[in-house]
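Q: The following block contains the structure, expressed as structure tokens.
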Amino acid sequence: MRIILLENVEDLGKKWEVKEVADGYARNFLIPKGFAKPATESEIEEAERRRAEEEARAKKELEIIEGIVSKLDGYELKVQMMVGEEGQLYEGVNAQKISIRLKEEGFDVAPKQIQLKEVIKELGEFPVTLELDHGLEAEIRVIVEAA
């Protein structure tokens with residue numbers, strides 16, 4: 001039976017691909033679960049159009065993210081924190097604080113995209129990796145200074 005995938009299905013194919021599968025697999029699993037629909041000529045044309053639209057959107061999104069990565073890679077972000085008499089920070093610098101400072105600088109980076117091994121608890125410079133969409137990464141330097 002010919003079907004059109006409505007979602008990515010592991011070991012079968014990607015969304016909007018037309019596949020030939022066993023009738024029972026299609027009728028008993030893929031179609032009832034909403035993973036696929038039967039392939040008619042008009043549905044195949046629609047699937048090809050949608051796949052082309054999604055590829056164009058993904059390509060445009062990738063170009064935007066590549067531009068952001070080129071601006072961020074090597075960027076130095078200064079974070080000012082309150083410091084005690086002996087130079088210790090009153091609170092650590094975590095992914096949330098870095099995300100807020102990046103937004104203030106004009107970069108929309110979510111805290112989950114910021115890869116910190118541990119919270120920064122002292123003054124100085126620290127390399128921080130940002131994992132952005134499409135598997136792209138940028139490394140910034142977080143400079144923690146006394147306020």
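Letters for chains follow the order of the structure tokens (A, B, ...), residue numbers begin at 1 for each chain, and ligand numbers begin at 1 in the order shown.
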For the structure I just gave you, how does DSSP split range 32-123 of chain A - specifically, which residues are helix (DSSP H, G or I)? Reply as a PyMOL selection string.
A: chain A and resi 41-72+95-104+111-113
Q: Please produce an output containing C-alpha atoms for each residue in the selection, written as a PDB file, in the first residue's frame.
A:
```pdb
ATOM      1  CA  GLU A  41      -2.460  11.317  -6.853  1.00  0.00           C
ATOM      2  CA  SER A  42      -3.864  14.603  -5.500  1.00  0.00           C
ATOM      3  CA  GLU A  43      -2.518  13.851  -2.000  1.00  0.00           C
ATOM      4  CA  ILE A  44       0.928  13.082  -3.446  1.00  0.00           C
ATOM      5  CA  GLU A  45       0.996  16.440  -5.252  1.00  0.00           C
ATOM      6  CA  GLU A  46      -0.048  18.201  -2.033  1.00  0.00           C
ATOM      7  CA  ALA A  47       2.632  16.330  -0.047  1.00  0.00           C
ATOM      8  CA  GLU A  48       5.335  17.319  -2.555  1.00  0.00           C
ATOM      9  CA  ARG A  49       4.245  20.969  -2.366  1.00  0.00           C
ATOM     10  CA  ARG A  50       4.291  20.919   1.456  1.00  0.00           C
ATOM     11  CA  ARG A  51       7.672  19.209   1.573  1.00  0.00           C
ATOM     12  CA  ALA A  52       9.124  21.868  -0.751  1.00  0.00           C
ATOM     13  CA  GLU A  53       7.653  24.634   1.470  1.00  0.00           C
ATOM     14  CA  GLU A  54       9.132  23.072   4.622  1.00  0.00           C
ATOM     15  CA  GLU A  55      12.545  22.660   2.974  1.00  0.00           C
ATOM     16  CA  ALA A  56      12.516  26.326   1.891  1.00  0.00           C
ATOM     17  CA  ARG A  57      11.498  27.425   5.407  1.00  0.00           C
ATOM     18  CA  ALA A  58      14.212  25.259   6.985  1.00  0.00           C
ATOM     19  CA  LYS A  59      16.827  26.658   4.592  1.00  0.00           C
ATOM     20  CA  LYS A  60      15.831  30.237   5.431  1.00  0.00           C
ATOM     21  CA  GLU A  61      15.868  29.436   9.166  1.00  0.00           C
ATOM     22  CA  LEU A  62      19.328  27.873   8.827  1.00  0.00           C
ATOM     23  CA  GLU A  63      20.649  31.020   7.108  1.00  0.00           C
ATOM     24  CA  ILE A  64      19.283  33.184   9.935  1.00  0.00           C
ATOM     25  CA  ILE A  65      20.843  30.961  12.608  1.00  0.00           C
ATOM     26  CA  GLU A  66      24.178  30.899  10.750  1.00  0.00           C
ATOM     27  CA  GLY A  67      24.134  34.707  10.829  1.00  0.00           C
ATOM     28  CA  ILE A  68      23.490  34.684  14.579  1.00  0.00           C
ATOM     29  CA  VAL A  69      26.297  32.155  15.124  1.00  0.00           C
ATOM     30  CA  SER A  70      28.746  34.290  13.147  1.00  0.00           C
ATOM     31  CA  LYS A  71      27.897  37.295  15.355  1.00  0.00           C
ATOM     32  CA  LEU A  72      28.034  35.307  18.607  1.00  0.00           C
ATOM     33  CA  ALA A  95      22.442  29.943  32.309  1.00  0.00           C
ATOM     34  CA  GLN A  96      19.385  32.061  33.157  1.00  0.00           C
ATOM     35  CA  LYS A  97      21.509  35.125  33.978  1.00  0.00           C
ATOM     36  CA  ILE A  98      23.588  34.663  30.836  1.00  0.00           C
ATOM     37  CA  SER A  99      20.410  34.348  28.754  1.00  0.00           C
ATOM     38  CA  ILE A 100      19.025  37.582  30.228  1.00  0.00           C
ATOM     39  CA  ARG A 101      22.276  39.451  29.514  1.00  0.00           C
ATOM     40  CA  LEU A 102      22.372  38.117  25.951  1.00  0.00           C
ATOM     41  CA  LYS A 103      18.794  39.308  25.417  1.00  0.00           C
ATOM     42  CA  GLU A 104      19.826  42.744  26.690  1.00  0.00           C
ATOM     43  CA  PRO A 111      18.789  29.172  28.917  1.00  0.00           C
ATOM     44  CA  LYS A 112      18.556  25.553  27.704  1.00  0.00           C
ATOM     45  CA  GLN A 113      20.825  26.460  24.763  1.00  0.00           C
TER      46      GLN A 113
END
```
Q: Write out as a PDB file with N, CA and C atoms, in the first residue's frame the residues lying within 10 Å of range 25-34 of chain A, counting only C-alpha atoms and excluding same-chain residues fewer than 2 positions away.
A:
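In the end it all went to part26.pdb:
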```pdb
ATOM      1  N   MET A   1       0.842  -1.175   0.000  1.00  0.00           N
ATOM      2  CA  MET A   1       0.000   0.000   0.000  1.00  0.00           C
ATOM      3  C   MET A   1       0.894   1.247   0.000  1.00  0.00           C
ATOM      4  N   ARG A   2       0.512   2.227  -0.795  1.00  0.00           N
ATOM      5  CA  ARG A   2       1.255   3.485  -0.843  1.00  0.00           C
ATOM      6  C   ARG A   2       0.647   4.448   0.175  1.00  0.00           C
ATOM      7  N   ILE A   3       1.529   5.060   0.959  1.00  0.00           N
ATOM      8  CA  ILE A   3       1.079   6.000   1.992  1.00  0.00           C
ATOM      9  C   ILE A   3       1.923   7.269   1.928  1.00  0.00           C
ATOM     10  N   ILE A   4       1.395   8.321   2.542  1.00  0.00           N
ATOM     11  CA  ILE A   4       2.132   9.565   2.716  1.00  0.00           C
ATOM     12  C   ILE A   4       2.353   9.725   4.212  1.00  0.00           C
ATOM     13  N   LEU A   5       3.590   9.892   4.615  1.00  0.00           N
ATOM     14  CA  LEU A   5       3.905  10.058   6.035  1.00  0.00           C
ATOM     15  C   LEU A   5       3.504  11.462   6.496  1.00  0.00           C
ATOM     16  N   LEU A   6       2.813  11.537   7.611  1.00  0.00           N
ATOM     17  CA  LEU A   6       2.395  12.808   8.196  1.00  0.00           C
ATOM     18  C   LEU A   6       3.332  13.258   9.303  1.00  0.00           C
ATOM     19  N   GLU A   7       4.248  12.365   9.704  1.00  0.00           N
ATOM     20  CA  GLU A   7       5.260  12.642  10.716  1.00  0.00           C
ATOM     21  C   GLU A   7       6.513  11.856  10.357  1.00  0.00           C
ATOM     22  N   VAL A   9       8.894   8.999  10.845  1.00  0.00           N
ATOM     23  CA  VAL A   9       8.750   7.673  11.449  1.00  0.00           C
ATOM     24  C   VAL A   9      10.103   6.980  11.351  1.00  0.00           C
ATOM     25  N   GLU A  20       6.001   2.857   0.164  1.00  0.00           N
ATOM     26  CA  GLU A  20       5.262   1.624  -0.078  1.00  0.00           C
ATOM     27  C   GLU A  20       5.464   0.742   1.147  1.00  0.00           C
ATOM     28  N   VAL A  21       4.374   0.384   1.834  1.00  0.00           N
ATOM     29  CA  VAL A  21       4.455  -0.454   3.036  1.00  0.00           C
ATOM     30  C   VAL A  21       3.432  -1.580   2.939  1.00  0.00           C
ATOM     31  N   ALA A  22       3.550  -2.535   3.821  1.00  0.00           N
ATOM     32  CA  ALA A  22       2.594  -3.634   3.876  1.00  0.00           C
ATOM     33  C   ALA A  22       1.208  -3.099   4.250  1.00  0.00           C
ATOM     34  N   ASP A  23       0.168  -3.685   3.646  1.00  0.00           N
ATOM     35  CA  ASP A  23      -1.201  -3.225   3.892  1.00  0.00           C
ATOM     36  C   ASP A  23      -1.556  -3.246   5.379  1.00  0.00           C
ATOM     37  N   ALA A  36       0.339   8.423   9.085  1.00  0.00           N
ATOM     38  CA  ALA A  36       0.294   8.396   7.631  1.00  0.00           C
ATOM     39  C   ALA A  36      -1.150   8.465   7.149  1.00  0.00           C
ATOM     40  N   LYS A  37      -1.287   8.684   5.830  1.00  0.00           N
ATOM     41  CA  LYS A  37      -2.598   8.621   5.186  1.00  0.00           C
ATOM     42  C   LYS A  37      -2.402   7.950   3.839  1.00  0.00           C
ATOM     43  N   PRO A  38      -3.467   7.360   3.291  1.00  0.00           N
ATOM     44  CA  PRO A  38      -3.337   6.705   1.993  1.00  0.00           C
ATOM     45  C   PRO A  38      -2.902   7.710   0.922  1.00  0.00           C
TER      46      PRO A  38
END
```
Q: Given only C-alpha atoms as the basis, pick out the residue of A:Glu118, A:Leu123, A:Ala110, A:Gln88 nearest to Glu145 in chain A.
A: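 Answer, going by the shortest atom-to-atom distance: A:Leu123.
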Q: Applying 12 Å and only C-alpha atoms, which residues near Tyr90 in chain A remain after dropping the ones on its own chain fewer than 5 positions away? List them as a ChimeraX atom specification.
A: /A:80-85,120-123,146-147
Q: Using only C-alpha atoms, which of A:Val18, A:Val144, A:Val119, A:Val128 sits nearest Tyr75 in chain A?
A: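 Among the listed residues, the smallest separation from Tyr75 in chain A belongs to A:Val128.
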Q: Can you tell me, as an NGL selection string, which residues in range 3-84 of chain A count as strand (DSSP E) by DSSP?
A: :A and (3-5 or 18-20 or 36-38 or 76-81)
